[in-house]
>>> print(open('model11.txt').read())   # compact mmCIF, C-alpha atoms
# COMPACT_ATOMS: atom_id res chain seq x y z
CA MET A 1 8.94 24.44 6.84
CA LYS A 2 11.24 22.70 4.33
CA LEU A 3 10.03 19.41 2.84
CA ILE A 4 11.17 16.84 0.27
CA GLY A 5 8.67 14.77 -1.73
CA ILE A 6 9.79 11.54 -3.39
CA LEU A 7 8.12 9.70 -6.27
CA ARG A 8 8.57 5.96 -6.89
CA GLY A 9 10.93 5.10 -9.71
CA ALA A 10 13.72 6.73 -11.67
CA GLU A 11 12.02 9.76 -13.21
CA PHE A 12 9.99 12.71 -12.04
CA SER A 13 9.06 16.04 -13.57
CA PRO A 14 6.20 18.48 -12.87
CA ASN A 15 4.77 17.64 -16.31
CA MET A 16 4.30 13.93 -15.67
CA THR A 17 0.67 12.82 -16.02
CA ASP A 18 0.56 9.36 -14.46
CA SER A 19 -1.56 8.89 -11.33
CA ASP A 20 1.33 8.49 -8.88
CA ALA A 21 2.99 11.68 -10.09
CA ALA A 22 -0.33 13.51 -10.02
CA ILE A 23 -1.02 12.87 -6.33
CA LEU A 24 2.53 13.75 -5.31
CA GLN A 25 2.31 16.98 -7.31
CA ALA A 26 -1.09 17.77 -5.80
CA VAL A 27 0.26 17.35 -2.27
CA ALA A 28 3.35 19.43 -3.04
CA THR A 29 1.17 22.16 -4.55
CA GLU A 30 -1.08 22.18 -1.49
CA LEU A 31 1.92 22.43 0.85
CA ARG A 32 3.38 25.29 -1.17
CA ARG A 33 0.01 27.05 -1.11
CA ARG A 34 0.26 26.95 2.67
CA GLY A 35 3.63 28.67 2.56
CA HIS A 36 6.05 25.74 2.81
CA GLU A 37 9.15 25.07 0.70
CA VAL A 38 8.84 21.77 -1.15
CA GLU A 39 11.36 20.01 -3.40
CA THR A 40 10.11 17.03 -5.40
CA MET A 41 12.28 14.35 -7.02
CA SER A 42 12.41 10.71 -8.05
CA GLU A 43 13.77 7.94 -5.84
CA GLN A 44 16.84 7.66 -8.06
CA ASP A 45 17.57 11.38 -7.87
CA PHE A 46 17.04 11.38 -4.10
CA VAL A 47 19.50 8.54 -3.56
CA SER A 48 22.04 10.13 -5.91
CA ALA A 49 21.77 13.46 -4.11
CA TYR A 50 22.13 12.25 -0.52
CA ARG A 51 23.54 8.72 -0.22
CA PHE A 52 27.19 9.80 0.16
CA ASN A 53 26.49 12.84 2.32
CA ILE A 54 23.32 12.69 4.35
CA ASN A 55 24.34 15.90 6.12
CA LYS A 56 23.12 17.70 3.00
CA VAL A 57 19.57 16.81 4.00
CA CYS A 58 19.93 18.54 7.37
CA GLY A 59 17.56 21.44 7.66
CA THR A 60 14.76 19.46 6.04
CA ASP A 61 11.75 19.18 8.36
CA ARG A 62 9.84 16.34 6.69
CA ILE A 63 10.30 13.81 3.91
CA PHE A 64 7.17 12.40 2.31
CA GLY A 65 6.12 10.41 -0.69
CA MET A 66 5.89 7.12 -2.51
CA TYR A 67 9.05 5.06 -2.15
CA ARG A 68 9.77 1.34 -2.11
CA GLY A 69 13.21 0.95 -3.64
CA ALA A 70 15.73 -0.89 -1.46
CA ASP A 71 18.36 1.87 -1.83
CA THR A 72 15.81 4.55 -1.00
CA LEU A 73 14.59 2.76 2.11
CA ALA A 74 18.13 2.11 3.32
CA LEU A 75 18.99 5.80 2.93
CA LEU A 76 15.78 6.97 4.58
CA ARG A 77 16.40 4.58 7.48
CA ARG A 78 19.74 6.31 8.07
CA ILE A 79 18.17 9.75 7.76
CA GLU A 80 15.42 8.87 10.26
CA ALA A 81 18.00 7.57 12.75
CA GLU A 82 20.90 9.99 12.29
CA CYS A 83 19.15 13.22 11.30
CA ASP A 84 15.89 12.76 13.21
CA ILE A 85 13.84 13.75 10.17
CA PRO A 86 10.37 12.17 10.08
CA CYS A 87 9.40 10.26 6.94
CA ILE A 88 5.75 9.96 5.94
CA ASN A 89 5.20 7.09 5.44
CA PRO A 90 7.92 5.79 7.82
CA VAL A 91 10.41 3.21 6.55
CA ARG A 92 9.29 0.65 9.13
CA GLY A 93 5.74 0.88 7.81
CA ILE A 94 6.86 0.25 4.23
CA GLU A 95 8.87 -2.79 5.31
CA ASP A 96 6.05 -4.18 7.46
CA SER A 97 3.57 -3.95 4.60
CA SER A 98 5.04 -6.98 2.82
CA ARG A 99 2.31 -9.62 2.58
CA VAL A 100 3.99 -12.03 4.98
CA GLN A 101 4.60 -9.44 7.67
CA LEU A 102 1.21 -7.79 7.13
CA THR A 103 -0.53 -11.15 7.58
CA ARG A 104 1.31 -11.77 10.85
CA ILE A 105 0.49 -8.30 12.17
CA PHE A 106 -3.19 -8.50 11.20
CA ARG A 107 -3.46 -11.86 12.99
CA LYS A 108 -1.81 -10.48 16.12
CA MET A 109 -3.97 -7.36 16.21
CA HIS A 110 -7.21 -9.21 15.32
CA ILE A 111 -7.85 -7.14 12.20
CA SER A 112 -10.47 -8.90 10.11
CA MET A 113 -9.06 -10.71 7.06
CA PRO A 114 -9.70 -13.96 5.16
CA GLU A 115 -8.30 -17.19 6.54
CA SER A 116 -4.66 -17.08 5.44
CA TRP A 117 -1.59 -19.29 5.34
CA ILE A 118 2.09 -18.26 5.21
CA LEU A 119 3.75 -20.99 3.18
CA PRO A 120 7.47 -21.56 2.55
CA LEU A 121 8.06 -22.07 -1.16
CA GLU A 122 8.78 -25.78 -0.58
CA ALA A 123 5.72 -26.34 1.60
CA LYS A 124 2.76 -28.57 0.93
CA LEU A 125 -0.50 -26.82 0.20
CA PRO A 126 -3.07 -27.19 3.03
CA LEU A 127 -5.51 -24.81 1.37
CA LYS A 128 -9.25 -24.46 1.14
CA TYR A 129 -10.23 -23.97 -2.47
CA PRO A 130 -10.83 -21.68 -4.23
CA ALA A 131 -7.98 -19.54 -2.91
CA TRP A 132 -5.55 -16.79 -3.80
CA MET A 133 -1.78 -17.23 -3.78
CA LYS A 134 0.30 -14.05 -3.47
CA ARG A 135 3.98 -13.17 -3.50
CA GLY A 136 5.15 -12.88 0.09
CA GLU A 137 7.63 -10.03 -0.05
CA GLY A 138 6.48 -6.63 -1.20
CA CYS A 139 3.14 -6.05 -2.85
CA ALA A 140 1.71 -7.04 -6.22
CA GLN A 141 3.80 -5.44 -8.95
CA GLU A 142 2.62 -7.51 -11.91
CA LYS A 143 -0.33 -9.74 -12.70
CA ASP A 144 1.40 -13.05 -11.88
CA ASP A 145 2.16 -11.86 -8.33
CA VAL A 146 -1.43 -12.78 -7.37
CA VAL A 147 -2.89 -16.06 -8.67
CA TYR A 148 -6.41 -17.47 -8.29
CA VAL A 149 -6.45 -21.26 -7.85
CA GLU A 150 -9.41 -23.63 -7.78
CA ASP A 151 -7.76 -26.93 -6.87
CA GLU A 152 -4.53 -28.56 -5.73
CA MET A 153 -3.20 -28.98 -9.26
CA MET A 154 -3.57 -25.28 -10.04
CA ALA A 155 -2.03 -24.40 -6.65
CA ALA A 156 0.98 -26.67 -7.24
CA ARG A 157 1.55 -25.11 -10.65
CA ALA A 158 1.34 -21.61 -9.17
CA MET A 159 3.75 -22.51 -6.38
CA GLN A 160 6.24 -23.83 -8.92
CA GLN A 161 6.01 -20.56 -10.84
CA PHE A 162 6.68 -18.57 -7.66
CA ARG A 163 9.74 -20.77 -6.99
CA GLU A 164 11.04 -20.28 -10.52
CA ARG A 165 10.69 -16.51 -10.24
CA GLY A 166 12.65 -16.44 -6.97
CA LEU A 167 10.22 -14.18 -5.14
CA GLY A 168 11.48 -14.49 -1.58
CA ASP A 169 11.22 -17.48 0.75
CA ALA A 170 7.44 -17.73 1.23
CA ILE A 171 4.08 -16.85 -0.23
CA VAL A 172 0.78 -15.93 1.39
CA ALA A 173 -2.33 -17.87 0.44
CA CYS A 174 -5.84 -16.94 1.53
CA GLU A 175 -9.35 -18.18 1.04
CA HIS A 176 -11.45 -16.62 -1.71
CA MET A 177 -14.33 -14.64 -0.23
CA GLU A 178 -17.60 -14.03 -2.03
CA GLY A 179 -19.10 -10.55 -1.75
CA ASP A 180 -18.70 -6.98 -2.92
CA LEU A 181 -15.10 -5.98 -3.52
CA VAL A 182 -14.49 -2.48 -2.17
CA LYS A 183 -11.46 -0.25 -2.67
CA PHE A 184 -10.73 2.26 0.09
CA TYR A 185 -8.38 5.17 0.63
CA GLY A 186 -7.56 6.95 3.87
CA VAL A 187 -5.29 9.30 5.77
CA GLU A 188 -4.99 8.18 9.37
CA GLY A 189 -5.31 11.00 11.90
CA THR A 190 -7.71 12.95 9.66
CA SER A 191 -11.39 12.69 8.78
CA PHE A 192 -10.62 11.79 5.17
CA PHE A 193 -11.85 8.43 3.93
CA HIS A 194 -13.09 7.38 0.50
CA TRP A 195 -14.39 4.09 -0.84
CA SER A 196 -15.78 2.78 -4.11
CA TYR A 197 -16.74 -0.56 -5.60
CA ALA A 198 -13.89 -2.23 -7.48
CA SER A 199 -16.27 -3.14 -10.31
CA GLU A 200 -16.77 0.59 -10.91
CA SER A 201 -13.05 1.41 -10.85
CA HIS A 202 -10.14 0.91 -13.21
CA SER A 203 -8.57 -2.52 -12.70
CA LYS A 204 -4.78 -2.72 -12.80
CA PHE A 205 -4.58 -6.48 -13.41
CA GLY A 206 -8.24 -7.48 -13.93
CA LEU A 207 -8.28 -9.76 -10.86
CA GLU A 208 -11.32 -8.03 -9.37
CA ALA A 209 -13.54 -9.66 -11.99
CA ARG A 210 -13.68 -12.83 -9.86
CA ASN A 211 -16.13 -11.10 -7.50
CA GLY A 212 -18.25 -9.70 -10.32
CA ALA A 213 -20.37 -6.58 -10.26
CA ALA A 214 -21.14 -5.16 -6.82
CA LYS A 215 -24.54 -6.09 -5.40
CA GLY A 216 -24.62 -3.22 -2.93
CA PHE A 217 -24.49 -5.19 0.32
CA LYS A 218 -24.98 -2.84 3.26
CA PHE A 219 -22.03 -2.22 5.56
CA SER A 220 -20.84 0.39 8.03
CA GLU A 221 -18.49 2.92 6.44
CA ASP A 222 -17.57 4.16 9.93
CA ALA A 223 -16.61 0.64 10.99
CA LEU A 224 -14.51 0.19 7.85
CA LYS A 225 -12.72 3.50 8.44
CA GLU A 226 -12.10 2.54 12.07
CA MET A 227 -10.67 -0.82 11.01
CA ALA A 228 -8.53 0.72 8.25
CA ASP A 229 -7.21 3.47 10.56
CA LYS A 230 -6.34 0.81 13.15
CA ALA A 231 -4.39 -1.10 10.50
CA ALA A 232 -2.65 2.13 9.48
CA GLN A 233 -1.67 2.86 13.08
CA VAL A 234 -0.38 -0.66 13.69
CA LEU A 235 1.57 -0.76 10.42
CA GLN A 236 2.73 2.87 10.72
CA LEU A 237 1.30 3.72 7.29
CA PRO A 238 -0.75 6.89 7.79
CA ILE A 239 -1.17 7.41 4.04
CA TYR A 240 -2.84 4.24 2.86
CA GLY A 241 -5.18 2.38 0.54
CA GLY A 242 -6.55 -1.11 0.39
CA ASP A 243 -9.20 -3.58 -0.67
CA CYS A 244 -11.84 -5.41 1.33
CA VAL A 245 -14.71 -7.80 0.72
CA VAL A 246 -18.18 -7.07 2.08
CA SER A 247 -20.25 -10.22 2.63
CA SER A 248 -23.99 -10.45 2.09
CA GLU A 249 -24.35 -10.10 5.90
CA GLY A 250 -22.36 -6.84 5.86
CA ASN A 251 -19.19 -8.29 7.38
CA VAL A 252 -15.96 -6.69 6.16
CA SER A 253 -12.59 -8.41 5.66
CA ILE A 254 -9.48 -6.60 4.49
CA ILE A 255 -7.73 -8.50 1.71
CA ASP A 256 -5.03 -5.96 0.81
CA PHE A 257 -3.43 -2.91 2.42
CA ASN A 258 -0.90 -0.63 0.72
CA ASP A 259 1.27 2.37 1.40
CA TRP A 260 0.37 5.59 -0.42
CA PRO A 261 -1.76 4.64 -3.47
CA SER A 262 -2.55 7.02 -6.34
CA PHE A 263 -5.86 8.30 -4.88
CA SER A 264 -6.93 8.83 -8.49
CA ARG A 265 -10.68 8.85 -7.72
CA CYS A 266 -10.41 11.32 -4.84
CA ARG A 267 -7.17 13.21 -5.49
CA LYS A 268 -8.34 16.74 -4.64
CA ASP A 269 -9.69 15.92 -1.18
CA ALA A 270 -6.91 13.41 -0.50
CA SER A 271 -4.13 15.90 -1.26
CA LYS A 272 -5.48 18.32 1.35
CA ALA A 273 -5.77 15.57 3.98
CA ILE A 274 -2.29 14.25 3.20
CA ALA A 275 -0.88 17.77 3.56
CA ASP A 276 -2.63 18.03 6.93
CA ARG A 277 -1.07 14.74 8.05
CA ILE A 278 2.42 15.67 6.86
CA LEU A 279 2.28 18.88 8.89
CA LEU A 280 1.07 17.26 12.13
>>> encode(input="model11.txt", output="structure tokens")
Amino acid sequence: MKLIGILRGAEFSPNMTDSDAAILQAVATELRRRGHEVETMSEQDFVSAYRFNINKVCGTDRIFGMYRGADTLALLRRIEAECDIPCINPVRGIEDSSRVQLTRIFRKMHISMPESWILPLEAKLPLKYPAWMKRGEGCAQEKDDVVYVEDEMMAARAMQQFRERGLGDAIVACEHMEGDLVKFYGVEGTSFFHWSYASESHSKFGLEARNGAAKGFKFSEDALKEMADKAAQVLQLPIYGGDCVVSSEGNVSIIDFNDWPSFSRCRKDASKAIADRILL
């Protein structure tokens, strides 16, 4: 089987050491070990290679990886439609994982999440405080994309900052939930699932500190996996990661869900499961 693996961004080489590159390399290595031909490249190189002649990609059996660039998604959409080459994760899943669309889908499918509001950038703020305000399109890419607010004045200031940055037409706001913050990683369609407390993990932006150190509230890992796999199926994101809050009563609410994270705490097992899913 011939496969192409894509890494987010403009650069990729086998010697890269960042977490995103490491998981993509680990998956590619596992696929090669199983006898498959795998080419790996950056988003920029992929677009440059195929955008003007998608027939060059014919003969490829699968495309997989970590891609979010608009040009990449547009090209992959054409390849999915015109060449009938599956992408893992599919383009539709990437597009539906924007916070606004994700919130709508979770509501419709009754997937447990905090009380949330989709607010146009000019809207008033009917929030319950404290709350979180998040950029509506895409996922958090820098610290100011997710803002903790304790009152209407803080919320108004945050909304003004979102307007000034021009981040789409709407934001998502949600109630702040007390409890243990848990990070989870999964591969839908396989038995693989891993979770850890956020307070024991590296923090990208430091926002997890609001929930403090984990208290170890009991919850059902099987129920969390079932809920996360359901979200993955609905969103068409079989390779996924996310965050949830576990209340003192053991209730679980998903507060974030992402396409293909770095799997840095469970890379070895994850790479084997991802390879399994790619080859399904």
>>> atom_distance(input="model11.txt", atom1="CA of Asp243 (chain A)", atom2="CA of Gly166 (chain A)")
26.1 Å
>>> closest_residue(input="model11.txt", among="A:Met153, A:Cys174, A:Gly59, A:Ala158", to="Trp117 (chain A)", atoms="only C-alpha atoms")
A:Cys174
>>> closest_residue(input="model11.txt", among="A:Ala21, A:Ala10, A:Leu75, A:Leu31", to="Gln44 (chain A)", atoms="only C-alpha atoms")
A:Ala10
>>> closest_residue(input="model11.txt", among="A:Glu150, A:Glu39, A:Asp61, A:Glu175", to="Glu115 (chain A)", atoms="only C-alpha atoms")
A:Glu175
>>> residues_around(input="model11.txt", residues="Met66 (chain A)", least_positions_apart="4", cutoff="12 Å", atoms="all atoms listed in the file", output="mmCIF file with C-alpha atoms, in the frame of the given file")
data_model
loop_
_atom_site.group_PDB
_atom_site.id
_atom_site.type_symbol
_atom_site.label_atom_id
_atom_site.label_comp_id
_atom_site.auth_asym_id
_atom_site.auth_seq_id
_atom_site.Cartn_x
_atom_site.Cartn_y
_atom_site.Cartn_z
ATOM 1 C CA ILE A 4 11.170 16.840 0.270
ATOM 2 C CA GLY A 5 8.670 14.770 -1.730
ATOM 3 C CA ILE A 6 9.790 11.540 -3.390
ATOM 4 C CA LEU A 7 8.120 9.700 -6.270
ATOM 5 C CA ARG A 8 8.570 5.960 -6.890
ATOM 6 C CA GLY A 9 10.930 5.100 -9.710
ATOM 7 C CA PHE A 12 9.990 12.710 -12.040
ATOM 8 C CA SER A 19 -1.560 8.890 -11.330
ATOM 9 C CA ASP A 20 1.330 8.490 -8.880
ATOM 10 C CA ALA A 21 2.990 11.680 -10.090
ATOM 11 C CA ALA A 22 -0.330 13.510 -10.020
ATOM 12 C CA ILE A 23 -1.020 12.870 -6.330
ATOM 13 C CA LEU A 24 2.530 13.750 -5.310
ATOM 14 C CA GLN A 25 2.310 16.980 -7.310
ATOM 15 C CA VAL A 27 0.260 17.350 -2.270
ATOM 16 C CA THR A 40 10.110 17.030 -5.400
ATOM 17 C CA MET A 41 12.280 14.350 -7.020
ATOM 18 C CA SER A 42 12.410 10.710 -8.050
ATOM 19 C CA GLU A 43 13.770 7.940 -5.840
ATOM 20 C CA THR A 72 15.810 4.550 -1.000
ATOM 21 C CA LEU A 73 14.590 2.760 2.110
ATOM 22 C CA CYS A 87 9.400 10.260 6.940
ATOM 23 C CA ILE A 88 5.750 9.960 5.940
ATOM 24 C CA ASN A 89 5.200 7.090 5.440
ATOM 25 C CA PRO A 90 7.920 5.790 7.820
ATOM 26 C CA VAL A 91 10.410 3.210 6.550
ATOM 27 C CA ILE A 94 6.860 0.250 4.230
ATOM 28 C CA LEU A 237 1.300 3.720 7.290
ATOM 29 C CA ILE A 239 -1.170 7.410 4.040
ATOM 30 C CA TYR A 240 -2.840 4.240 2.860
ATOM 31 C CA ASN A 258 -0.900 -0.630 0.720
ATOM 32 C CA ASP A 259 1.270 2.370 1.400
ATOM 33 C CA TRP A 260 0.370 5.590 -0.420
ATOM 34 C CA PRO A 261 -1.760 4.640 -3.470
ATOM 35 C CA SER A 262 -2.550 7.020 -6.340
#
>>> residues_around(input="model11.txt", residues="Met133 (chain A)", least_positions_apart="2", cutoff="9 Å", atoms="all atoms listed in the file", output="PDB file with C-alpha atoms, keeping the file's coordinate frame")
ATOM      1  CA  ALA A 131      -7.980 -19.540  -2.910  1.00  0.00           C
ATOM      2  CA  ARG A 135       3.980 -13.170  -3.500  1.00  0.00           C
ATOM      3  CA  ASP A 145       2.160 -11.860  -8.330  1.00  0.00           C
ATOM      4  CA  VAL A 146      -1.430 -12.780  -7.370  1.00  0.00           C
ATOM      5  CA  VAL A 147      -2.890 -16.060  -8.670  1.00  0.00           C
ATOM      6  CA  TYR A 148      -6.410 -17.470  -8.290  1.00  0.00           C
ATOM      7  CA  VAL A 149      -6.450 -21.260  -7.850  1.00  0.00           C
ATOM      8  CA  ALA A 155      -2.030 -24.400  -6.650  1.00  0.00           C
ATOM      9  CA  ALA A 158       1.340 -21.610  -9.170  1.00  0.00           C
ATOM     10  CA  MET A 159       3.750 -22.510  -6.380  1.00  0.00           C
ATOM     11  CA  ILE A 171       4.080 -16.850  -0.230  1.00  0.00           C
ATOM     12  CA  VAL A 172       0.780 -15.930   1.390  1.00  0.00           C
ATOM     13  CA  ALA A 173      -2.330 -17.870   0.440  1.00  0.00           C
ATOM     14  CA  CYS A 174      -5.840 -16.940   1.530  1.00  0.00           C
TER      15      CYS A 174
END
>>> residues_around(input="model11.txt", residues="region 184-189 of chain A", least_positions_apart="6", cutoff="10 Å", atoms="all atoms listed in the file", output="ChimeraX atom specification")
/A:195-198,224-226,228-233,236-244,254,257-258,260-266,270-271,273-277,280
>>> closest_residue(input="model11.txt", among="A:Arg92, A:Lys215, A:Arg33, A:Arg62", to="Ala74 (chain A)", atoms="all atoms listed in the file")
A:Arg92
>>> residues_near_point(input="model11.txt", point="(-19.8, 6.4, 9.1)", cutoff="12 Å", atoms="only C-alpha atoms", output="PDB file with C-alpha atoms, in the coordinates of the input")
ATOM      1  CA  SER A 191     -11.390  12.690   8.780  1.00  0.00           C
ATOM      2  CA  PHE A 192     -10.620  11.790   5.170  1.00  0.00           C
ATOM      3  CA  PHE A 193     -11.850   8.430   3.930  1.00  0.00           C
ATOM      4  CA  HIS A 194     -13.090   7.380   0.500  1.00  0.00           C
ATOM      5  CA  TRP A 195     -14.390   4.090  -0.840  1.00  0.00           C
ATOM      6  CA  PHE A 219     -22.030  -2.220   5.560  1.00  0.00           C
ATOM      7  CA  SER A 220     -20.840   0.390   8.030  1.00  0.00           C
ATOM      8  CA  GLU A 221     -18.490   2.920   6.440  1.00  0.00           C
ATOM      9  CA  ASP A 222     -17.570   4.160   9.930  1.00  0.00           C
ATOM     10  CA  ALA A 223     -16.610   0.640  10.990  1.00  0.00           C
ATOM     11  CA  LEU A 224     -14.510   0.190   7.850  1.00  0.00           C
ATOM     12  CA  LYS A 225     -12.720   3.500   8.440  1.00  0.00           C
ATOM     13  CA  GLU A 226     -12.100   2.540  12.070  1.00  0.00           C
ATOM     14  CA  MET A 227     -10.670  -0.820  11.010  1.00  0.00           C
TER      15      MET A 227
END
>>> residues_near_point(input="model11.txt", point="(-0.8, -4.6, 9.4)", cutoff="6 Å", atoms="only C-alpha atoms", output="list in words")
Leu102, Ile105, Phe106, Ala231, Val234 and Leu235 of chain A
>>> write_last_selection(input="model11.txt", atoms="C-alpha atoms", output="tab-separated table (two decimals), keeping the file's coordinate frame")
chain	number	residue	atom	x	y	z
A	102	LEU	CA	1.21	-7.79	7.13
A	105	ILE	CA	0.49	-8.30	12.17
A	106	PHE	CA	-3.19	-8.50	11.20
A	231	ALA	CA	-4.39	-1.10	10.50
A	234	VAL	CA	-0.38	-0.66	13.69
A	235	LEU	CA	1.57	-0.76	10.42
>>> closest_residue(input="model11.txt", among="A:Leu3, A:Met16, A:Phe64, A:Thr103", to="Val38 (chain A)", atoms="all atoms listed in the file")
A:Leu3
>>> atom_distance(input="model11.txt", atom1="CA of Gln161 (chain A)", atom2="CA of Pro114 (chain A)")
23.4 Å
>>> atom_distance(input="model11.txt", atom1="CA of Pro86 (chain A)", atom2="CA of Ser13 (chain A)")
24.0 Å
>>> closest_residue(input="model11.txt", among="A:Asn55, A:Thr29, A:Ser98, A:Ser112", to="Asp84 (chain A)", atoms="only C-alpha atoms")
A:Asn55
>>> residues_around(input="model11.txt", residues="Lys218 (chain A)", least_positions_apart="5", cutoff="8 Å", atoms="all atoms listed in the file", output="ChimeraX atom specification")
/A:248-250
>>> build_atoms(input="model11.txt", residues="region 174-197 of chain A", atoms="N, CA and C atoms", output="short mmCIF file (atom, residue, chain, number, x, y, z; two decimals), keeping the file's coordinate frame")
data_model
loop_
_atom_site.label_atom_id
_atom_site.label_comp_id
_atom_site.auth_asym_id
_atom_site.auth_seq_id
_atom_site.Cartn_x
_atom_site.Cartn_y
_atom_site.Cartn_z
N CYS A 174 -4.64 -17.24 0.73
CA CYS A 174 -5.84 -16.94 1.53
C CYS A 174 -7.08 -17.43 0.81
N GLU A 175 -8.10 -17.70 1.61
CA GLU A 175 -9.35 -18.18 1.04
C GLU A 175 -9.98 -17.11 0.15
N HIS A 176 -10.68 -17.54 -0.88
CA HIS A 176 -11.45 -16.62 -1.71
C HIS A 176 -12.77 -16.33 -1.00
N MET A 177 -13.11 -15.05 -0.91
CA MET A 177 -14.33 -14.64 -0.23
C MET A 177 -15.31 -14.06 -1.23
N GLU A 178 -16.54 -14.57 -1.19
CA GLU A 178 -17.60 -14.03 -2.03
C GLU A 178 -18.15 -12.75 -1.40
N GLY A 179 -18.53 -11.81 -2.25
CA GLY A 179 -19.10 -10.55 -1.75
C GLY A 179 -18.68 -9.39 -2.63
N ASP A 180 -19.05 -8.19 -2.19
CA ASP A 180 -18.70 -6.98 -2.92
C ASP A 180 -17.25 -6.60 -2.63
N LEU A 181 -16.49 -6.42 -3.68
CA LEU A 181 -15.10 -5.98 -3.52
C LEU A 181 -15.05 -4.46 -3.49
N VAL A 182 -14.51 -3.93 -2.40
CA VAL A 182 -14.49 -2.48 -2.17
C VAL A 182 -13.05 -2.00 -2.08
N LYS A 183 -12.76 -0.90 -2.78
CA LYS A 183 -11.46 -0.25 -2.67
C LYS A 183 -11.61 0.95 -1.74
N PHE A 184 -10.63 1.14 -0.85
CA PHE A 184 -10.73 2.26 0.09
C PHE A 184 -9.41 3.01 0.16
N TYR A 185 -9.53 4.28 0.54
CA TYR A 185 -8.38 5.17 0.63
C TYR A 185 -8.54 6.02 1.89
N GLY A 186 -7.45 6.18 2.64
CA GLY A 186 -7.56 6.95 3.87
C GLY A 186 -6.28 7.66 4.25
N VAL A 187 -6.42 8.60 5.17
CA VAL A 187 -5.29 9.30 5.77
C VAL A 187 -5.52 9.26 7.27
N GLU A 188 -4.80 8.38 7.94
CA GLU A 188 -4.99 8.18 9.37
C GLU A 188 -4.67 9.48 10.12
N GLY A 189 -5.48 9.77 11.14
CA GLY A 189 -5.31 11.00 11.90
C GLY A 189 -6.11 12.16 11.34
N THR A 190 -6.84 11.93 10.24
CA THR A 190 -7.71 12.95 9.66
C THR A 190 -9.10 12.35 9.46
N SER A 191 -10.03 13.18 9.04
CA SER A 191 -11.39 12.69 8.78
C SER A 191 -11.53 12.12 7.38
N PHE A 192 -10.50 12.22 6.56
CA PHE A 192 -10.62 11.79 5.17
C PHE A 192 -10.72 10.28 5.05
N PHE A 193 -11.71 9.83 4.27
CA PHE A 193 -11.85 8.43 3.93
C PHE A 193 -12.74 8.35 2.69
N HIS A 194 -12.33 7.52 1.74
CA HIS A 194 -13.09 7.38 0.50
C HIS A 194 -13.15 5.90 0.13
N TRP A 195 -14.30 5.46 -0.36
CA TRP A 195 -14.39 4.09 -0.84
C TRP A 195 -15.22 4.04 -2.12
N SER A 196 -15.01 3.00 -2.90
CA SER A 196 -15.78 2.78 -4.11
C SER A 196 -15.77 1.29 -4.42
N TYR A 197 -16.72 0.84 -5.20
CA TYR A 197 -16.74 -0.56 -5.60
C TYR A 197 -15.67 -0.81 -6.67
#
